[in-house]
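*Asks:* Quick one: the structure is below, questions incoming.
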Amino acid sequence: MDALFTQSPVGLHILDTELRVVRVNAAARGMRGVAVEGLVGLHFAEAYAGLSAPDEVEAVLRGVLESGMPVREHLFRRRVAAEQGREKCGSASVFRLQDRQGTVLGLAVTVVDITEQEQARARLRALNVVRERVGQTLDVIATCQELVEALVPGFADAAMVDIVDAVVHGEESPTGPLAEDVALRRAAFRTRDGLQVPSYPVADVRSLNLLRPYAQAMSDLRPRLVPLSPDSPWLDAPRARGVRAAGAHTLIVAPLALRGTALGVLSLIRTDGSDPYDEDDVGLAVDVASHTALCIDNARRFTREYTIASTLQRHQLPRYPASHSTVETAHLHVPGAGGGGGGWFDSIPLSGARTALVVGEVAGSGIQAATTMGQLRTVIRCLAALDLQPDELLARLNDTAVFLAAERAALPPGDALHRQPFSASCVYTVYDPVTRTCTFARAGHTPPVIILPDSSTEVPDSNAGPVLGGAEGPPFAATTTDLPHGSTLALYTSAILPTPPAESDGVPALLRDVLAQPGRPLKDLRDDILRTLRNKERPGDAVLLLARTWPFPAHSLATWLLDHDPTAAATARGHTRRTLAAWNMDEDTAYAAELIVSELVTNAIRYGAPPMQLRLIKDRTLTCEVHDDSATSPRLRHARTVDEGGRGLFIVAQLAQRWGTRYTAEGKTVWSEQALNHSGLPS
């Protein structure tokens with residue numbers, strides 16, 4: 001027994017049945033911090049004063065004493081007054097002692113100091129928590145908040161993160177030593193419950209103070225272990241009082257750096273009740289800062305790409321859709337969670353007072369989706385100027401999409417865009433206020449919803465058509481439906497609806513419930529839809545285009561049937577002269593209009609087929625239209641000096657702001673437009 005108690009490297013204790021110390025060896029002194037001689041006769045809890053859970057330890061000892069079942073490696077913690085109150089961790093194994101007759105003599109307790117092992121495990125747990133929790137999002141501020149939540153209270157009593165303000169906005173941090181005018185933003189701050197530590201408010205932006213350890217750590221990219229006291233020279237008076245009140249005693253400052261560039265700084269504080277930081281803790285802080293810096297840089301890069309894509313998309317969308325006398329519009333565009341995507345909308349004025357309404361979406365997000373969206377929107381604008389029917393326009397748009405898909409497929413296999421299949425959808429709608437009809441065609445897109453004046457809603461039966469970019473598929477089909485006075489059209493992307501969308505009679509419930517209010521302004525209805533999208537993750541861009549339709553005023557429209565003979569040109573000039581005089585047009589505009597009408601009617605007589613119709617429309621422009629049943633396309637010629645004819649359309653092109661040809665199932669319409677000022681008088 002003497003040899004065992006003098007040579008054992010672990011602490012040995014013999015306790016009697018009352019849990020009093022009978023014998024103890026010198027190796028146990030490290031866990032107690034007191035002399036061995038004064039422990040004999042003391043209760044075990046008294047011998048190990050400062051136990052964090054004395055009742056639990058006593059319950060374990062008495063359980064072994066009563067049951068005889070040994071306990072191995074029971075972990076206990078205590079604070080040793082002789083070592084400035086530092087926490088010590090021990091592993092205790094307990095078994096019962098009894099003689100040959102079974103009489104219980106007491107307990108044998110072995111205690112091993114595992115403080116260093118437990119501290120190492122605690123650091124490893126803290127590092128694992130940081131690696132699991134930090135970097136879950138691609139947001140700089142959210143990443144910093146994840147960091148402080150992972151470190152407090154397990155590794156720090158207070159934690160704060162300051163980031164170079166340029167990094168928060170997705171920009172590069174300045175290289176080299178940071179100047180004093182570099183702005184730092186307080187990105188995150190957290191303390192354990194009940195602790196008050198002086199700190200700048202979160203989101204506060206301040207310049208770098210080169211005299212503080214934070215700036216020093218960011219300058220040389222080396223961590224600092226700083227003792228804290230109210231007398232620290234770099235603390236101002238308010239923070240010195242806060243340090244005294246909080247009992248803060250040590251500070252670790254670790255730079256958040258990547259590839260030799262400082263992105264920010266991490267500050268960790270411990271207060272009374274926690275062990276001071278040591279160099280091993282500084283090593284952990286460096287590992288944590290390195291992992292966080294990588295996550296912050298990833299978030300910064302995403303923020304930059306998101307900003308570029310959103311800016312690109314925003315500048316390629318119409319800021320204010322063109323207003324029309326017969327269509328009132330309101331739009332909503334909310335980018336998806338993945339950044340600026342490929343959703344777009346448009347409102348295009350067409351000849352004959354008609355209006356084209358477009359909503360589409362390119363699959364994916366980021367710069368490539370926004371660029372592709374801009375290409376398709378430009379193509380639609382160009383094709384719309386040709387007065388194509390909706391199904392024919394989508395067919396030609398698909399030709400462009402197939403070309404873009406082939407270009408993407410031809411990229412090298414290592415290109416990230418090569419692995420993203422090209423896909424886009426679109427719905428193209430044309431509203432004619434004269435006939436009060438709406439004609440639309442779809443390319444794999446959601447159908448438009450019509451809200452009638454009586455608050456009822458309907459979705460016209462239509463063919464969805466193939467998505468854009470597919471080389472094969474059924475042809476696009478156009479659908480025409482009547483629109484009563486005051487009807488509202490809703491064109492949208494699927495992201496505007498909840499997942500899965502609730503429907504009633506084929507109408508999405510969200511649109512039916514919110515939009516079926518004919519008397520409310522469109523902007524109010526749009527805002528109601530926007531409120532339903534808050535705090536909801538969307539797979540893509542949420543786009544909504546609302547259009548309330550009105551019939552064209554009869555007093556601004558004049559139509560005549562003309563005989564198919566040479567006198568028709570003079571008759572048309574007379575109708576035009578009298579009508580424009582009634583509309584208070586000045587002589588110059590009336591003369592130009594007469595000449596345009598005369599040339600268009602003459603062309604229809606020579607190259608067209610009866611019946612023939614003349615129509616004048618006074619809207620934001622003065623439109624002259626001549627319709628005949630021939631599908632022959634007129635062609636602008638540049639006549640030679642000796643030619644007697646061939647100058648008609650050239651004259652029309654010189655007098656009109658623009659002109660063109662619109663084909664229908666019954667023939668064609670050649671039209672021209674002359675600009676008017678806002679008062680309705682010729683400009």
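As shown in the structure tokens, the chain order sets the letters A, B, ...; within each chain, residues go from 1, and ligands are also counted from 1 in the order they appear.
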What are the closest atom pairs, with distances in Å to one decimal, for each residue of range 236-268 of chain A lying within 7 Å of range 172-187 of chain A, using only C-alpha atoms, rows by chain and rising residue number, as a tab-separated table?

*Replies:*
```
residue	atom	partner	partner_atom	distance
A:Thr261	CA	A:Thr175	CA	5.6
A:Ala262	CA	A:Ser173	CA	6.9
A:Leu263	CA	A:Ser173	CA	6.1
```

*Asks:* Select from range 267-344 of chain A every residue with an atom at most 9 Å from any atom of range 539-563 of chain A, then for each give the shortest pair of atoms and their distance in Å to one decimal, using only C-alpha atoms, rows by chain and rising number, as a tab-separated table.

*Replies:*
```
residue	atom	partner	partner_atom	distance
A:Ser325	CA	A:Phe552	CA	7.9
A:Thr326	CA	A:Trp550	CA	4.7
A:Val327	CA	A:Thr549	CA	4.7
A:Glu328	CA	A:Arg548	CA	5.1
A:Thr329	CA	A:Ala547	CA	4.4
A:Ala330	CA	A:Leu546	CA	5.2
A:His331	CA	A:Leu545	CA	4.5
A:Leu332	CA	A:Leu544	CA	5.0
A:His333	CA	A:Val543	CA	4.6
A:Val334	CA	A:Ala542	CA	5.0
A:Pro335	CA	A:Asp541	CA	4.5
A:Gly336	CA	A:Gly540	CA	4.4
A:Ala337	CA	A:Pro539	CA	6.7
A:Gly338	CA	A:Gly540	CA	7.4
A:Gly339	CA	A:Gly540	CA	8.6
A:Gly340	CA	A:Asp541	CA	7.6
A:Gly341	CA	A:Asp541	CA	6.1
A:Gly342	CA	A:Asp541	CA	7.1
A:Gly343	CA	A:Asp541	CA	5.4
A:Trp344	CA	A:Val543	CA	6.9
```

*Asks:* Quick one: residues within 8 Å of Leu151 in chain A, only C-alpha atoms, excluding same-chain residues fewer than 4 positions away - as an mmCIF file with N, CA and C atoms, in the first residue's frame?

*Replies:*
```cif
data_model
loop_
_atom_site.group_PDB
_atom_site.id
_atom_site.type_symbol
_atom_site.label_atom_id
_atom_site.label_comp_id
_atom_site.auth_asym_id
_atom_site.auth_seq_id
_atom_site.Cartn_x
_atom_site.Cartn_y
_atom_site.Cartn_z
ATOM 1 N N ALA A 126 -15.651 23.530 -30.707
ATOM 2 C CA ALA A 126 -15.944 24.885 -31.181
ATOM 3 C C ALA A 126 -15.616 25.025 -32.664
ATOM 4 N N VAL A 130 -18.241 25.785 -35.794
ATOM 5 C CA VAL A 130 -18.045 26.875 -36.757
ATOM 6 C C VAL A 130 -18.098 26.335 -38.178
ATOM 7 N N LEU A 147 -21.220 33.276 -37.353
ATOM 8 C CA LEU A 147 -19.965 33.077 -36.625
ATOM 9 C C LEU A 147 -20.115 33.402 -35.150
ATOM 10 N N PHE A 155 -17.236 29.346 -26.614
ATOM 11 C CA PHE A 155 -15.814 29.678 -26.655
ATOM 12 C C PHE A 155 -15.537 31.110 -26.220
ATOM 13 N N ALA A 156 -16.530 31.943 -26.225
ATOM 14 C CA ALA A 156 -16.334 33.350 -25.854
ATOM 15 C C ALA A 156 -17.557 33.839 -25.109
ATOM 16 N N ALA A 159 -18.524 38.210 -28.621
ATOM 17 C CA ALA A 159 -17.839 38.127 -29.916
ATOM 18 C C ALA A 159 -18.385 39.214 -30.822
#
```

*Asks:* Contacts of range 54-67 of chain A at 12 Å or less, counting only C-alpha atoms, minus same-chain residues fewer than 5 places along, as number ranges by chain?

*Replies:* A: 14-20, 43-49, 72-78, 90-98, 103-109

*Asks:* Neighbours of Val168 in chain A within 12 Å (only C-alpha atoms; same-chain residues fewer than 2 positions away dropped), as a compact mmCIF listing (two decimals) with N, CA, C and O atoms, in the first residue's frame?

*Replies:*
```txt
# COMPACT_ATOMS: atom_id res chain seq x y z
N LEU A 138 -24.99 32.74 -48.63
CA LEU A 138 -24.07 33.52 -49.44
C LEU A 138 -24.34 35.00 -49.21
O LEU A 138 -24.48 35.79 -50.14
N ASP A 139 -24.38 35.34 -47.93
CA ASP A 139 -24.60 36.72 -47.52
C ASP A 139 -23.53 37.09 -46.50
O ASP A 139 -23.35 36.37 -45.51
N VAL A 140 -22.82 38.19 -46.72
CA VAL A 140 -21.70 38.55 -45.85
C VAL A 140 -22.17 38.79 -44.43
O VAL A 140 -21.59 38.26 -43.47
N ILE A 141 -23.21 39.57 -44.23
CA ILE A 141 -23.69 39.89 -42.89
C ILE A 141 -24.21 38.64 -42.20
O ILE A 141 -23.93 38.40 -41.01
N ALA A 142 -24.97 37.81 -42.92
CA ALA A 142 -25.49 36.58 -42.32
C ALA A 142 -24.36 35.64 -41.91
O ALA A 142 -24.43 34.97 -40.88
N THR A 143 -23.29 35.58 -42.71
CA THR A 143 -22.14 34.74 -42.37
C THR A 143 -21.49 35.21 -41.08
O THR A 143 -21.12 34.39 -40.22
N CYS A 144 -21.34 36.51 -40.91
CA CYS A 144 -20.76 37.04 -39.67
C CYS A 144 -21.66 36.75 -38.47
O CYS A 144 -21.17 36.43 -37.38
N ASP A 162 -16.07 42.85 -37.37
CA ASP A 162 -16.05 44.08 -38.16
C ASP A 162 -15.51 43.74 -39.55
O ASP A 162 -14.50 43.05 -39.68
N ILE A 163 -16.20 44.24 -40.58
CA ILE A 163 -15.87 43.93 -41.97
C ILE A 163 -15.57 45.23 -42.71
O ILE A 163 -16.24 46.25 -42.49
N VAL A 164 -14.57 45.18 -43.58
CA VAL A 164 -14.32 46.32 -44.46
C VAL A 164 -15.60 46.60 -45.25
O VAL A 164 -16.19 45.70 -45.86
N ASP A 165 -16.06 47.83 -45.20
CA ASP A 165 -17.38 48.15 -45.76
C ASP A 165 -17.48 47.82 -47.24
O ASP A 165 -18.54 47.42 -47.72
N ALA A 166 -16.39 47.96 -47.97
CA ALA A 166 -16.42 47.63 -49.40
C ALA A 166 -16.74 46.16 -49.62
O ALA A 166 -17.41 45.80 -50.59
N GLY A 170 -19.74 43.74 -51.90
CA GLY A 170 -19.27 42.86 -52.96
C GLY A 170 -18.00 43.33 -53.65
O GLY A 170 -17.57 42.71 -54.62
N GLU A 171 -17.38 44.38 -53.15
CA GLU A 171 -16.19 44.91 -53.79
C GLU A 171 -14.93 44.30 -53.16
O GLU A 171 -14.98 43.70 -52.09
N GLU A 172 -13.80 44.50 -53.82
CA GLU A 172 -12.54 44.00 -53.31
C GLU A 172 -12.09 44.86 -52.13
O GLU A 172 -12.26 46.08 -52.12
N SER A 173 -11.48 44.20 -51.14
CA SER A 173 -10.88 44.95 -50.04
C SER A 173 -9.56 45.55 -50.50
O SER A 173 -8.85 44.96 -51.32
N ALA A 183 -13.15 52.32 -44.11
CA ALA A 183 -14.38 52.20 -43.31
C ALA A 183 -14.60 50.75 -42.90
O ALA A 183 -14.53 49.84 -43.74
N LEU A 184 -14.88 50.55 -41.62
CA LEU A 184 -15.21 49.23 -41.08
C LEU A 184 -16.67 49.24 -40.64
O LEU A 184 -17.12 50.19 -39.99
N ARG A 185 -17.38 48.18 -40.97
CA ARG A 185 -18.79 48.05 -40.58
C ARG A 185 -18.91 46.97 -39.51
O ARG A 185 -18.40 45.86 -39.67
N ARG A 186 -19.59 47.30 -38.40
CA ARG A 186 -19.88 46.29 -37.38
C ARG A 186 -20.95 45.36 -37.94
O ARG A 186 -22.11 45.71 -38.05
N ALA A 187 -20.53 44.15 -38.30
CA ALA A 187 -21.42 43.22 -39.00
C ALA A 187 -22.20 42.34 -38.04
O ALA A 187 -23.32 41.92 -38.36
N ALA A 203 -24.14 47.40 -37.68
CA ALA A 203 -24.32 48.18 -38.91
C ALA A 203 -23.68 49.55 -38.82
O ALA A 203 -23.68 50.30 -39.80
N VAL A 205 -20.80 52.20 -39.05
CA VAL A 205 -19.60 52.28 -39.90
C VAL A 205 -18.67 53.33 -39.31
O VAL A 205 -19.08 54.48 -39.09
N LEU A 263 -10.01 41.20 -44.85
CA LEU A 263 -11.43 41.41 -45.11
C LEU A 263 -12.15 42.00 -43.90
O LEU A 263 -13.20 42.63 -44.04
N GLY A 264 -11.60 41.77 -42.72
CA GLY A 264 -12.22 42.23 -41.49
C GLY A 264 -11.45 41.73 -40.30
O GLY A 264 -10.30 41.29 -40.41
N ILE A 296 -16.71 34.37 -46.15
CA ILE A 296 -17.04 35.77 -46.44
C ILE A 296 -16.65 36.12 -47.87
O ILE A 296 -17.39 36.82 -48.58
N ASP A 297 -15.51 35.64 -48.31
CA ASP A 297 -15.08 35.93 -49.68
C ASP A 297 -16.03 35.29 -50.70
O ASP A 297 -16.34 35.89 -51.74
N ASN A 298 -16.50 34.06 -50.40
CA ASN A 298 -17.49 33.44 -51.29
C ASN A 298 -18.76 34.28 -51.35
O ASN A 298 -19.35 34.48 -52.42
N ALA A 299 -19.20 34.74 -50.17
CA ALA A 299 -20.40 35.58 -50.13
C ALA A 299 -20.16 36.90 -50.85
O ALA A 299 -21.06 37.42 -51.52
N ARG A 300 -18.96 37.45 -50.71
CA ARG A 300 -18.64 38.70 -51.40
C ARG A 300 -18.70 38.51 -52.92
O ARG A 300 -19.25 39.35 -53.65
N ARG A 301 -18.12 37.42 -53.40
CA ARG A 301 -18.15 37.17 -54.84
C ARG A 301 -19.59 37.00 -55.34
O ARG A 301 -19.96 37.47 -56.41
N PHE A 302 -20.40 36.28 -54.54
CA PHE A 302 -21.80 36.11 -54.94
C PHE A 302 -22.52 37.45 -54.95
O PHE A 302 -23.30 37.74 -55.86
N THR A 303 -22.24 38.28 -53.92
CA THR A 303 -22.88 39.60 -53.86
C THR A 303 -22.50 40.43 -55.08
O THR A 303 -23.35 41.13 -55.66
N ARG A 304 -21.24 40.35 -55.47
CA ARG A 304 -20.80 41.11 -56.64
C ARG A 304 -21.51 40.62 -57.91
O ARG A 304 -22.01 41.42 -58.71
N THR A 307 -25.12 41.61 -57.81
CA THR A 307 -25.29 43.04 -58.09
C THR A 307 -25.15 43.31 -59.58
O THR A 307 -25.94 44.07 -60.17
```

*Asks:* Using only C-alpha atoms, which of the listed residues (A:Leu357, A:Ala405, A:Cys382, A:Leu600) sits closest to Tyr492 in chain A?

*Replies:*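 Nearest to Tyr492 in chain A: A:Leu357.
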
*Asks:* Record the distance separating CA of Leu595 in chain A and CA of Arg573 in chain A, expressed in Å with one decimal.

*Replies:*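 Computing it gives 7.7 Å between the two atoms.
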
*Asks:* May I ask which of the residues A:Ala237, A:Gln389, A:Ser267, A:Arg123 is the closest one to Gly283 in chain A, counting only C-alpha atoms?

*Replies:*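 With only C-alpha atoms as the atom set, the closest residue is A:Arg123.
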
*Asks:* Do you have the CA of Ala516 in chain A-CA of Phe440 in chain A distance handy?

*Replies:*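 Going from CA of Ala516 in chain A over to CA of Phe440 in chain A covers 21.3 Å.
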
*Asks:* Provide the CA of Ala401 in chain A to CA of Gly660 in chain A distance in Å, to one decimal place.

*Replies:*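 Between CA of Ala401 in chain A and CA of Gly660 in chain A the gap is 25.7 Å.
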
*Asks:* Just asking: which residues within range 508-650 of chain A are alpha helix (DSSP H) according to DSSP, as a PyMOL selection string?

*Replies:* chain A and resi 509-515+522-532+568-582+587-607+648-650
